[in-house]
>>> print(open('input01.cif').read())   # mmCIF, C-alpha atoms
data_model
#
loop_
_atom_site.label_atom_id
_atom_site.label_comp_id
_atom_site.auth_asym_id
_atom_site.auth_seq_id
_atom_site.Cartn_x
_atom_site.Cartn_y
_atom_site.Cartn_z
CA MET A 172 -16.75 -45.11 -8.24
CA PRO A 173 -13.46 -43.13 -8.37
CA SER A 174 -12.65 -40.77 -5.52
CA LYS A 175 -13.24 -37.07 -6.01
CA LYS A 176 -10.20 -34.87 -6.62
CA VAL A 177 -9.75 -32.23 -3.92
CA PHE A 178 -7.37 -29.31 -4.46
CA ILE A 179 -5.90 -26.91 -1.91
CA SER A 180 -3.29 -24.21 -2.33
CA GLY A 181 -1.17 -22.13 0.04
CA CYS A 182 2.24 -21.13 1.34
CA TYR A 183 2.75 -23.84 4.02
CA ASP A 184 5.76 -22.14 5.53
CA LEU A 185 6.49 -22.99 9.20
CA LEU A 186 4.40 -26.15 8.88
CA HIS A 187 2.29 -26.76 12.00
CA SER A 188 -0.59 -28.86 13.37
CA GLY A 189 -3.17 -26.47 11.94
CA HIS A 190 -1.90 -27.22 8.44
CA ILE A 191 -2.00 -30.97 9.09
CA GLU A 192 -5.58 -30.82 10.37
CA PHE A 193 -6.51 -28.73 7.33
CA PHE A 194 -5.01 -31.40 5.06
CA ARG A 195 -6.78 -34.14 7.00
CA GLU A 196 -10.16 -32.38 6.72
CA ALA A 197 -9.69 -31.71 3.01
CA SER A 198 -8.70 -35.32 2.34
CA SER A 199 -11.98 -36.51 3.90
CA TYR A 200 -13.68 -35.32 0.69
CA GLY A 201 -11.46 -37.32 -1.67
CA ASP A 202 -7.90 -37.61 -3.01
CA LEU A 203 -5.97 -34.52 -1.94
CA TYR A 204 -3.71 -32.52 -4.27
CA VAL A 205 -1.76 -29.53 -3.00
CA GLY A 206 -0.44 -26.47 -4.83
CA VAL A 207 2.44 -24.77 -3.00
CA GLY A 208 2.97 -21.05 -3.58
CA SER A 209 6.31 -20.26 -5.20
CA ASP A 210 8.93 -18.17 -3.40
CA LYS A 211 8.32 -15.36 -5.91
CA THR A 212 4.55 -15.34 -5.47
CA ILE A 213 4.70 -15.40 -1.66
CA ASN A 214 7.20 -12.55 -1.67
CA GLU A 215 4.89 -10.52 -3.92
CA LEU A 216 1.81 -11.18 -1.77
CA LYS A 217 3.39 -10.89 1.67
CA ALA A 218 6.27 -8.51 0.80
CA ARG A 219 8.68 -10.76 2.70
CA PRO A 220 10.60 -13.93 1.90
CA THR A 221 9.50 -17.30 3.24
CA ILE A 222 11.44 -18.99 6.02
CA ASN A 223 11.71 -22.18 3.98
CA SER A 224 12.31 -22.33 0.24
CA GLU A 225 9.68 -23.67 -2.16
CA ALA A 226 11.72 -26.87 -2.57
CA GLU A 227 11.72 -27.47 1.21
CA ARG A 228 8.04 -26.63 1.56
CA LEU A 229 7.13 -28.95 -1.30
CA PHE A 230 9.22 -31.77 0.22
CA MET A 231 7.42 -31.43 3.58
CA VAL A 232 3.93 -31.24 2.05
CA LYS A 233 4.56 -34.31 -0.11
CA ALA A 234 5.64 -36.25 2.99
CA ILE A 235 2.23 -35.76 4.68
CA ARG A 236 0.18 -38.96 4.50
CA TYR A 237 -3.07 -37.17 3.63
CA VAL A 238 -1.54 -35.75 0.43
CA LYS A 239 -1.76 -37.78 -2.79
CA ASP A 240 0.45 -35.37 -4.77
CA ALA A 241 1.80 -31.82 -4.61
CA TRP A 242 3.68 -29.29 -6.75
CA VAL A 243 4.79 -25.66 -6.85
CA ASN A 244 2.21 -23.45 -8.56
CA SER A 245 3.44 -21.82 -11.75
CA GLY A 246 1.04 -18.84 -11.83
CA ARG A 247 1.14 -15.47 -10.07
CA GLY A 248 -0.93 -13.64 -7.50
CA ILE A 249 -3.87 -14.87 -5.44
CA LEU A 250 -4.93 -17.27 -8.26
CA ASP A 251 -1.41 -18.61 -8.86
CA PHE A 252 -2.80 -22.16 -9.14
CA ILE A 253 -4.90 -21.68 -12.30
CA PRO A 254 -2.49 -23.47 -14.71
CA GLU A 255 -2.32 -26.47 -12.35
CA ILE A 256 -6.03 -26.58 -11.53
CA GLU A 257 -6.89 -26.52 -15.25
CA ASN A 258 -4.61 -29.51 -15.74
CA LEU A 259 -5.85 -31.42 -12.66
CA LYS A 260 -9.57 -30.68 -13.19
CA PRO A 261 -10.52 -31.16 -9.52
CA ASP A 262 -14.04 -31.67 -8.24
CA ILE A 263 -13.49 -29.53 -5.13
CA LEU A 264 -11.45 -26.45 -4.18
CA PHE A 265 -11.01 -26.45 -0.39
CA VAL A 266 -9.94 -23.26 1.44
CA ASN A 267 -9.62 -21.86 4.95
CA GLU A 268 -11.80 -18.92 6.08
CA ASP A 269 -8.83 -16.55 5.84
CA GLY A 270 -7.89 -18.07 2.48
CA HIS A 271 -11.34 -17.44 1.05
CA SER A 272 -11.65 -14.90 -1.76
CA PRO A 273 -14.61 -13.94 -3.96
CA LEU A 274 -12.23 -14.36 -6.91
CA LYS A 275 -11.62 -18.00 -6.01
CA GLU A 276 -15.32 -18.61 -5.45
CA GLU A 277 -16.24 -17.00 -8.79
CA TYR A 278 -13.57 -19.02 -10.62
CA CYS A 279 -15.02 -22.25 -9.19
CA TYR A 280 -18.57 -21.24 -10.08
CA GLN A 281 -17.56 -20.50 -13.67
CA ASN A 282 -15.67 -23.78 -13.99
CA GLY A 283 -18.08 -26.16 -12.25
CA ILE A 284 -15.84 -26.79 -9.23
CA GLU A 285 -17.38 -27.24 -5.78
CA TYR A 286 -16.09 -24.59 -3.35
CA ILE A 287 -15.80 -25.63 0.32
CA ILE A 288 -14.59 -23.41 3.17
CA SER A 289 -13.06 -24.96 6.28
CA LYS A 290 -13.81 -23.44 9.69
CA ARG A 291 -10.22 -23.93 10.92
CA ILE A 292 -11.16 -26.14 13.87
CA PRO A 293 -8.04 -27.54 15.60
CA HIS A 294 -7.53 -31.26 15.98
CA GLU A 295 -9.08 -32.62 19.18
CA GLY A 296 -6.87 -31.90 22.18
CA LEU A 297 -4.55 -29.54 20.29
CA PRO A 298 -4.45 -25.71 20.39
CA ALA A 299 -5.43 -23.59 17.39
CA ARG A 300 -2.37 -22.81 15.30
CA SER A 301 -1.56 -20.33 12.56
CA THR A 302 1.66 -19.26 10.89
CA THR A 303 1.05 -15.73 12.15
CA ALA A 304 0.86 -16.98 15.73
CA LEU A 305 4.11 -18.89 15.28
CA ARG A 306 5.73 -15.64 14.09
CA ASN A 307 4.91 -14.46 17.57
CA GLU A 308 7.89 -12.11 17.64
CA CYS A 309 5.70 -9.22 16.49
CA ARG A 310 2.51 -7.89 18.09
CA ILE A 311 2.52 -4.51 16.34
CA PRO A 312 -1.05 -3.78 15.19
CA TYR A 313 -2.46 -3.00 11.77
CA ARG A 314 -4.96 -0.20 11.20
CA ILE A 315 -8.30 0.05 9.42
CA ASP A 316 -9.64 3.30 7.98
CA LEU A 317 -13.38 3.32 8.76
CA GLY A 318 -14.24 6.73 7.33
CA GLY A 319 -12.83 9.93 5.85
CA GLY A 320 -9.78 8.30 4.29
CA TRP A 321 -7.70 10.63 2.03
CA LEU A 322 -8.42 13.71 4.17
CA ASP A 323 -5.02 13.16 5.81
CA GLN A 324 -3.46 14.11 2.46
CA PRO A 325 -2.96 17.87 1.92
CA PHE A 326 -3.88 17.60 -1.76
CA VAL A 327 -7.37 16.51 -0.59
CA SER A 328 -7.87 18.48 2.63
CA LYS A 329 -6.82 21.73 0.90
CA TYR A 330 -10.30 21.66 -0.63
CA PHE A 331 -12.11 21.09 2.67
CA PRO A 332 -10.99 20.16 6.21
CA GLY A 333 -12.19 16.97 7.85
CA ALA A 334 -11.53 13.85 9.89
CA VAL A 335 -10.24 10.37 9.25
CA ILE A 336 -11.65 7.66 11.56
CA THR A 337 -9.31 4.75 12.30
CA ILE A 338 -9.10 1.69 14.52
CA SER A 339 -5.98 -0.21 15.56
CA ILE A 340 -6.40 -3.99 15.23
CA GLU A 341 -4.48 -6.95 16.57
CA PRO A 342 -2.25 -8.90 14.11
CA ASP A 343 -4.32 -12.09 14.28
CA TYR A 344 -3.95 -12.62 10.53
CA ASP A 345 -1.01 -12.36 8.18
CA PHE A 346 -2.56 -9.65 6.04
CA ASN A 347 -1.30 -9.44 2.48
CA ASP A 348 0.87 -6.53 1.44
CA ARG A 349 -0.82 -3.73 -0.56
CA SER A 350 -4.19 -4.50 1.03
CA GLY A 351 -5.05 -1.21 2.71
CA MET A 352 -4.02 -2.31 6.22
CA SER A 353 -0.99 0.04 6.45
CA THR A 354 1.45 -2.84 5.97
CA SER A 355 4.22 -0.52 4.71
CA THR A 356 3.94 1.75 7.77
CA ARG A 357 3.78 -1.32 10.02
CA LYS A 358 7.09 -2.53 8.56
CA LYS A 359 8.65 0.79 9.55
CA ALA A 360 7.20 0.34 13.05
CA ILE A 361 8.84 -3.10 13.20
CA ASP A 362 12.15 -1.53 12.13
CA LEU A 363 11.82 0.93 15.01
CA TRP A 364 10.35 -1.20 17.80
CA GLN A 365 10.68 -4.86 16.68
CA THR A 366 7.91 -6.51 18.70
CA ASN A 367 5.29 -4.07 20.00
CA ILE A 368 4.37 -0.42 20.44
CA PRO A 369 6.45 0.75 23.43
CA GLU A 370 5.14 2.39 26.57
CA GLY A 371 4.99 6.18 26.52
CA ASP A 372 3.06 9.05 24.95
CA LYS A 373 1.30 7.39 22.01
CA ASP A 374 0.81 10.67 20.11
CA LYS A 375 4.55 11.32 20.22
CA LEU A 376 5.34 7.74 19.25
CA ALA A 377 3.02 8.06 16.26
CA LYS A 378 4.82 11.25 15.18
CA ILE A 379 8.17 9.47 15.51
CA LEU A 380 6.89 6.68 13.27
CA PHE A 381 5.49 9.20 10.75
CA CYS A 382 8.83 11.03 10.56
CA TYR A 383 10.76 7.76 10.32
CA GLU A 384 8.66 6.63 7.37
CA ASN A 385 8.67 10.01 5.64
CA GLN A 386 12.30 11.02 5.78
CA PRO A 387 13.50 14.18 3.96
CA GLY A 388 13.60 13.82 0.19
CA VAL A 389 10.84 11.20 -0.26
CA ASP A 390 8.74 11.71 -3.39
CA TYR A 391 5.46 10.70 -1.74
CA VAL A 392 4.54 11.42 1.88
CA SER A 393 2.42 8.67 3.43
CA GLY A 394 -0.69 9.90 5.18
CA SER A 395 -0.32 10.33 8.93
CA GLN A 396 -3.50 8.32 9.56
CA ASP A 397 -1.31 5.24 8.94
CA SER A 398 1.12 5.88 11.78
CA LEU A 399 -1.59 7.22 14.10
CA GLY A 400 -3.96 4.38 13.25
CA ILE A 401 -1.34 1.78 14.12
CA VAL A 402 0.00 3.39 17.30
CA LEU A 403 -3.14 4.80 18.93
CA PRO A 404 -5.29 2.05 20.52
CA GLY A 405 -9.04 1.97 20.12
CA LEU A 406 -11.14 4.16 17.83
CA ASN A 407 -9.71 7.55 16.83
CA TYR A 408 -10.95 10.75 15.21
CA LEU A 409 -8.12 12.58 13.46
CA PHE A 410 -9.15 16.07 12.31
CA TYR A 411 -7.10 17.71 9.55
CA GLU A 412 -7.24 21.44 8.86
CA LYS A 413 -6.87 22.60 5.27
CA GLY A 414 -3.68 21.36 3.64
CA GLU A 415 -2.12 19.86 6.80
CA TYR A 416 -0.11 16.63 7.09
CA TRP A 417 -0.73 16.19 10.84
CA PRO A 418 -4.14 16.40 12.55
CA ASP A 419 -4.98 19.58 14.41
CA ARG A 420 -7.18 17.65 16.82
CA ILE A 421 -7.34 14.02 17.95
CA GLU A 422 -10.29 12.50 19.79
CA LYS A 423 -10.08 8.97 21.17
CA ILE A 424 -12.59 6.31 22.16
CA ASN A 425 -11.42 3.51 24.42
CA ASN A 426 -14.81 2.86 26.01
CA PRO A 427 -14.98 -0.97 26.09
CA ASP A 428 -18.73 -0.99 25.40
CA ILE A 429 -18.26 0.93 22.14
CA LEU A 430 -15.22 -1.12 21.11
CA ASP A 431 -17.10 -4.37 21.86
CA TRP A 432 -20.02 -3.07 19.79
CA LEU A 433 -17.69 -2.36 16.88
CA GLU A 434 -16.01 -5.78 17.11
CA ASP A 435 -19.43 -7.45 17.08
CA HIS A 436 -20.41 -5.66 13.86
CA LEU A 437 -17.20 -5.46 11.80
CA PHE A 438 -16.09 -8.12 9.30
CA LEU A 439 -13.32 -8.22 6.68
CA MET A 440 -13.95 -9.81 3.29
CA PRO A 441 -10.67 -10.66 1.50
CA LEU A 442 -10.16 -9.37 -2.03
CA GLN A 443 -7.07 -9.76 -4.17
CA PRO A 444 -4.10 -7.56 -3.14
CA ARG A 445 -3.46 -4.41 -5.13
CA GLU A 446 -1.16 -4.98 -8.12
CA SER A 447 2.38 -3.77 -7.36
CA LYS A 448 2.35 -1.18 -10.19
CA TYR A 449 -1.32 -0.23 -9.86
CA SER A 450 -1.86 3.47 -9.11
CA VAL A 451 -4.97 4.71 -7.37
CA LEU A 452 -3.74 8.27 -7.97
CA ASP A 453 -4.53 8.15 -11.68
CA ASN A 454 -7.74 9.79 -12.96
CA ILE A 455 -8.44 11.64 -9.71
CA ASN A 456 -11.20 14.27 -9.63
CA ILE A 457 -11.10 16.18 -6.33
CA THR A 458 -13.44 19.11 -5.71
CA GLU A 459 -14.50 21.11 -2.67
CA GLU A 460 -17.99 19.60 -2.82
CA LYS A 461 -16.65 16.01 -2.89
CA ALA A 462 -14.15 16.66 -0.07
CA LYS A 463 -16.97 18.20 1.97
CA GLU A 464 -19.12 15.08 1.42
CA LEU A 465 -16.26 12.91 2.67
CA SER A 466 -15.78 15.14 5.73
CA LEU A 467 -19.51 15.04 6.55
CA ALA A 468 -19.59 11.25 6.22
CA ALA A 469 -16.69 10.92 8.68
CA ASP A 470 -18.41 13.17 11.24
CA ASN A 471 -21.65 11.21 10.88
CA LEU A 472 -19.78 7.94 11.38
CA TRP A 473 -18.06 9.26 14.53
CA ASN A 474 -21.35 10.44 16.04
CA ALA A 475 -22.96 7.11 15.19
CA ALA A 476 -20.14 5.31 17.01
CA LEU A 477 -20.56 7.51 20.09
CA ASN A 478 -24.27 6.62 20.16
CA MET A 479 -23.75 2.99 19.04
CA ASP A 480 -26.30 3.64 16.30
CA THR A 481 -25.89 0.71 13.91
CA LYS A 482 -28.03 2.02 11.05
CA ALA A 483 -26.43 5.47 11.09
CA PHE A 484 -22.95 3.95 11.28
CA GLY A 485 -23.55 1.72 8.27
CA LYS A 486 -25.06 4.58 6.27
CA ALA A 487 -22.09 6.83 7.06
CA MET A 488 -19.62 4.10 6.08
CA ILE A 489 -21.23 3.73 2.65
CA ALA A 490 -21.33 7.53 2.24
CA SER A 491 -17.60 7.67 3.02
CA TYR A 492 -16.90 4.95 0.45
CA LYS A 493 -18.93 6.70 -2.26
CA ALA A 494 -17.26 10.04 -1.55
CA GLN A 495 -13.82 8.41 -1.76
CA ILE A 496 -14.41 6.66 -5.06
CA SER A 497 -15.99 9.75 -6.63
CA MET A 498 -12.61 11.44 -6.16
CA PHE A 499 -10.43 8.37 -6.73
CA PRO A 500 -12.21 6.12 -9.26
CA ASN A 501 -9.14 3.88 -9.56
CA MET A 502 -9.87 2.64 -6.03
CA VAL A 503 -12.44 0.37 -7.63
CA ILE A 504 -11.19 -2.57 -9.68
CA PRO A 505 -13.69 -5.02 -11.27
CA SER A 506 -13.65 -7.44 -8.33
CA VAL A 507 -14.85 -4.75 -5.88
CA PRO A 508 -18.41 -4.15 -7.21
CA LYS A 509 -18.78 -7.90 -7.76
CA ALA A 510 -17.91 -8.53 -4.09
CA ILE A 511 -20.23 -5.75 -2.92
CA LYS A 512 -23.09 -7.22 -4.95
CA THR A 513 -22.79 -10.52 -3.04
CA ILE A 514 -23.24 -8.89 0.38
CA LYS A 515 -25.11 -5.64 -0.28
CA ASP A 516 -28.47 -6.93 1.01
CA LYS A 517 -26.92 -8.58 4.08
CA VAL A 518 -24.98 -5.65 5.56
CA LEU A 519 -25.65 -2.15 6.85
CA GLY A 520 -22.37 -0.68 5.64
CA TYR A 521 -19.28 -1.35 3.56
CA LYS A 522 -16.11 0.31 2.31
CA LEU A 523 -12.61 -0.54 1.18
CA SER A 524 -9.97 -1.02 3.87
CA GLY A 525 -7.62 1.63 2.50
CA ALA A 526 -6.60 3.21 -0.78
CA GLY A 527 -8.34 0.55 -2.87
CA GLY A 528 -7.27 -1.34 -5.95
CA GLY A 529 -7.82 -4.54 -3.94
CA GLY A 530 -7.27 -5.53 -0.32
CA TYR A 531 -10.29 -6.07 1.93
CA LEU A 532 -13.89 -4.96 2.09
CA VAL A 533 -14.76 -3.71 5.57
CA LEU A 534 -18.34 -4.76 6.30
CA PHE A 535 -20.67 -3.54 9.04
CA SER A 536 -23.50 -5.93 9.85
CA GLU A 537 -25.83 -7.04 12.62
CA GLN A 538 -25.50 -10.65 11.44
CA LYS A 539 -22.43 -12.80 10.91
CA ILE A 540 -21.26 -12.70 7.32
CA GLU A 541 -20.03 -16.05 6.08
CA ASN A 542 -16.47 -16.42 4.82
CA THR A 543 -15.23 -13.21 6.41
CA LEU A 544 -12.63 -12.46 9.08
CA LYS A 545 -13.37 -11.15 12.55
CA ILE A 546 -11.05 -8.55 14.05
CA ARG A 547 -9.93 -7.63 17.55
CA ILE A 548 -9.39 -3.95 18.34
CA ARG A 549 -6.19 -3.06 20.22
CA ARG A 550 -7.20 -1.80 23.63
CA ASN A 551 -5.33 0.52 25.98
CA GLU A 552 -3.35 -2.26 27.57
CA ILE A 553 -0.50 -3.94 25.64
CA VAL A 554 -1.39 -7.57 24.89
#
>>> encode(input="input01.cif", output="structure tokens")
Amino acid sequence: MPSKKVFISGCYDLLHSGHIEFFREASSYGDLYVGVGSDKTINELKARPTINSEAERLFMVKAIRYVKDAWVNSGRGILDFIPEIENLKPDILFVNEDGHSPLKEEYCYQNGIEYIISKRIPHEGLPARSTTALRNECRIPYRIDLGGGWLDQPFVSKYFPGAVITISIEPDYDFNDRSGMSTSTRKKAIDLWQTNIPEGDKDKLAKILFCYENQPGVDYVSGSQDSLGIVLPGLNYLFYEKGEYWPDRIEKINNPDILDWLEDHLFLMPLQPRESKYSVLDNINITEEKAKELSLAADNLWNAALNMDTKAFGKAMIASYKAQISMFPNMVIPSVPKAIKTIKDKVLGYKLSGAGGGGYLVLFSEQKIENTLKIRIRRNEIV
């Protein structure tokens, strides 16, 4: 009986032992074929060039003894391998947990391909490795908007004042660009501080970052929740008066019990990144009533966090999501409701990680959700 064909796809820049173990595990299911992301595709997804060119990466992957054959994918985006996979006709698509996507899973289901997710277990006796860890030069956090997003924009808060609730998270994953994790603001933070948020007054540092990103003459002013969400550790309540760019009041939670509770309940489900020319600001419909609903949802979420009330927190998260998309319908692309449908009965709450159009679903659940990412919240101390 012929061996099954197993296909994997990825960047494979800064090749390390974690990649090799991933190849070894995948090859245990059959003959292994590897699609390498092109320089152009990786630059579009990560908004940065690779260290090694596609020719070098392909040469290294082909030299690995577990690999039967490899090539550079000719497609674009998160499913850049479709032309090659249609030619290969594999039996199995094998992915890592942080490489999982509902789009990939749906494609396999529609095409009769078995979909297997690795648990990224390191080879015996070796440490866990990831490309992000090897890029260890930068420990600047990302941020997640948990509730009230858009109220940091004057064209929304002018209708009704309210809060945005954010958490600062450790850079344990190499989050895709345009995925609602404040990657553009984080790049400005790297320009300013290179490796980590410096010591000092965090509120002032956040304002420095906000001003650095939004220099005089820019056409679009990024919301200040991005700079505050990255710089301020823990969970933060940022209250915006009508039509203001900067919050009038900031409340902070660094209570380890509450932060531990949040970490235990929060999961990220990867979606495709937002298209580079996709605009979530088209077809907006902002009213006082809708802005008030968003403000109320944020306050309910904050109070639920203070009381560690899981049901109330999940309900407030969904209310925040619904209020957002009622004003900004372009936040929702077809893959979003499909992803929500797969987890709706398993979670207490869900919302998009940022402005929408792709990115990540933030899930709130009392049980572990398969094929999702766990996050670590940045605490007061610098790690």
>>> residues_around(input="input01.cif", residues="A:Asn282", least_positions_apart="4", cutoff="12 Å", atoms="all atoms listed in the file", output="list in words")
Ile253, Ile256, Glu257, Lys260, Pro261, Asp262, Ile263, Leu264, Lys275, Glu276, Glu277, Tyr278 and Tyr286 of chain A
>>> closest_residue(input="input01.cif", among="A:Asp202, A:Trp364, A:Lys482, A:Ile191", to="A:Pro173", atoms="all atoms listed in the file")
A:Asp202
>>> resolve_selection(input="input01.cif", expression="the PyMOL selection byres ((chain A and resi 367) around 7)", output="list in words")
Cys309, Arg310, Ile311, Trp364, Gln365, Thr366, Ile368 and Pro369 of chain A
>>> residues_near_point(input="input01.cif", point="(-12.2, 21.7, -2.2)", cutoff="12 Å", atoms="only C-alpha atoms", output="ChimeraX atom specification")
/A:322,325-333,413-414,456-466,498
>>> closest_residue(input="input01.cif", among="A:His190, A:His271, A:Arg445, A:Arg247", to="A:Met352", atoms="only C-alpha atoms")
A:Arg445
>>> decode(input="input01.cif", residues="stretch 405-433 of chain A", atoms="C-alpha atoms", output="JSON list (two decimals), in the first residue's frame")
[["chain", "number", "residue", "atom", "x", "y", "z"],
["A", 405, "GLY", "CA", -2.20, 44.49, 33.12],
["A", 406, "LEU", "CA", -5.87, 45.26, 32.48],
["A", 407, "ASN", "CA", -6.82, 48.90, 31.83],
["A", 408, "TYR", "CA", -9.98, 51.00, 31.69],
["A", 409, "LEU", "CA", -9.51, 54.01, 29.43],
["A", 410, "PHE", "CA", -12.42, 56.46, 29.67],
["A", 411, "TYR", "CA", -12.94, 58.91, 26.80],
["A", 412, "GLU", "CA", -15.08, 62.03, 27.14],
["A", 413, "LYS", "CA", -17.03, 63.19, 24.11],
["A", 414, "GLY", "CA", -14.83, 63.76, 21.07],
["A", 415, "GLU", "CA", -11.47, 63.31, 22.86],
["A", 416, "TYR", "CA", -8.35, 61.58, 21.52],
["A", 417, "TRP", "CA", -6.83, 60.90, 24.96],
["A", 418, "PRO", "CA", -8.68, 59.33, 27.91],
["A", 419, "ASP", "CA", -9.89, 61.63, 30.66],
["A", 420, "ARG", "CA", -9.52, 58.86, 33.22],
["A", 421, "ILE", "CA", -7.45, 55.67, 33.40],
["A", 422, "GLU", "CA", -8.10, 52.86, 35.87],
["A", 423, "LYS", "CA", -5.68, 49.95, 36.15],
["A", 424, "ILE", "CA", -5.89, 46.38, 37.41],
["A", 425, "ASN", "CA", -2.66, 44.60, 38.24],
["A", 426, "ASN", "CA", -4.16, 42.31, 40.88],
["A", 427, "PRO", "CA", -2.51, 38.94, 40.10],
["A", 428, "ASP", "CA", -5.65, 36.99, 41.02],
["A", 429, "ILE", "CA", -7.71, 38.86, 38.41],
["A", 430, "LEU", "CA", -4.98, 38.66, 35.78],
["A", 431, "ASP", "CA", -4.56, 34.91, 36.43],
["A", 432, "TRP", "CA", -8.33, 34.50, 36.11],
["A", 433, "LEU", "CA", -8.28, 36.29, 32.76]]
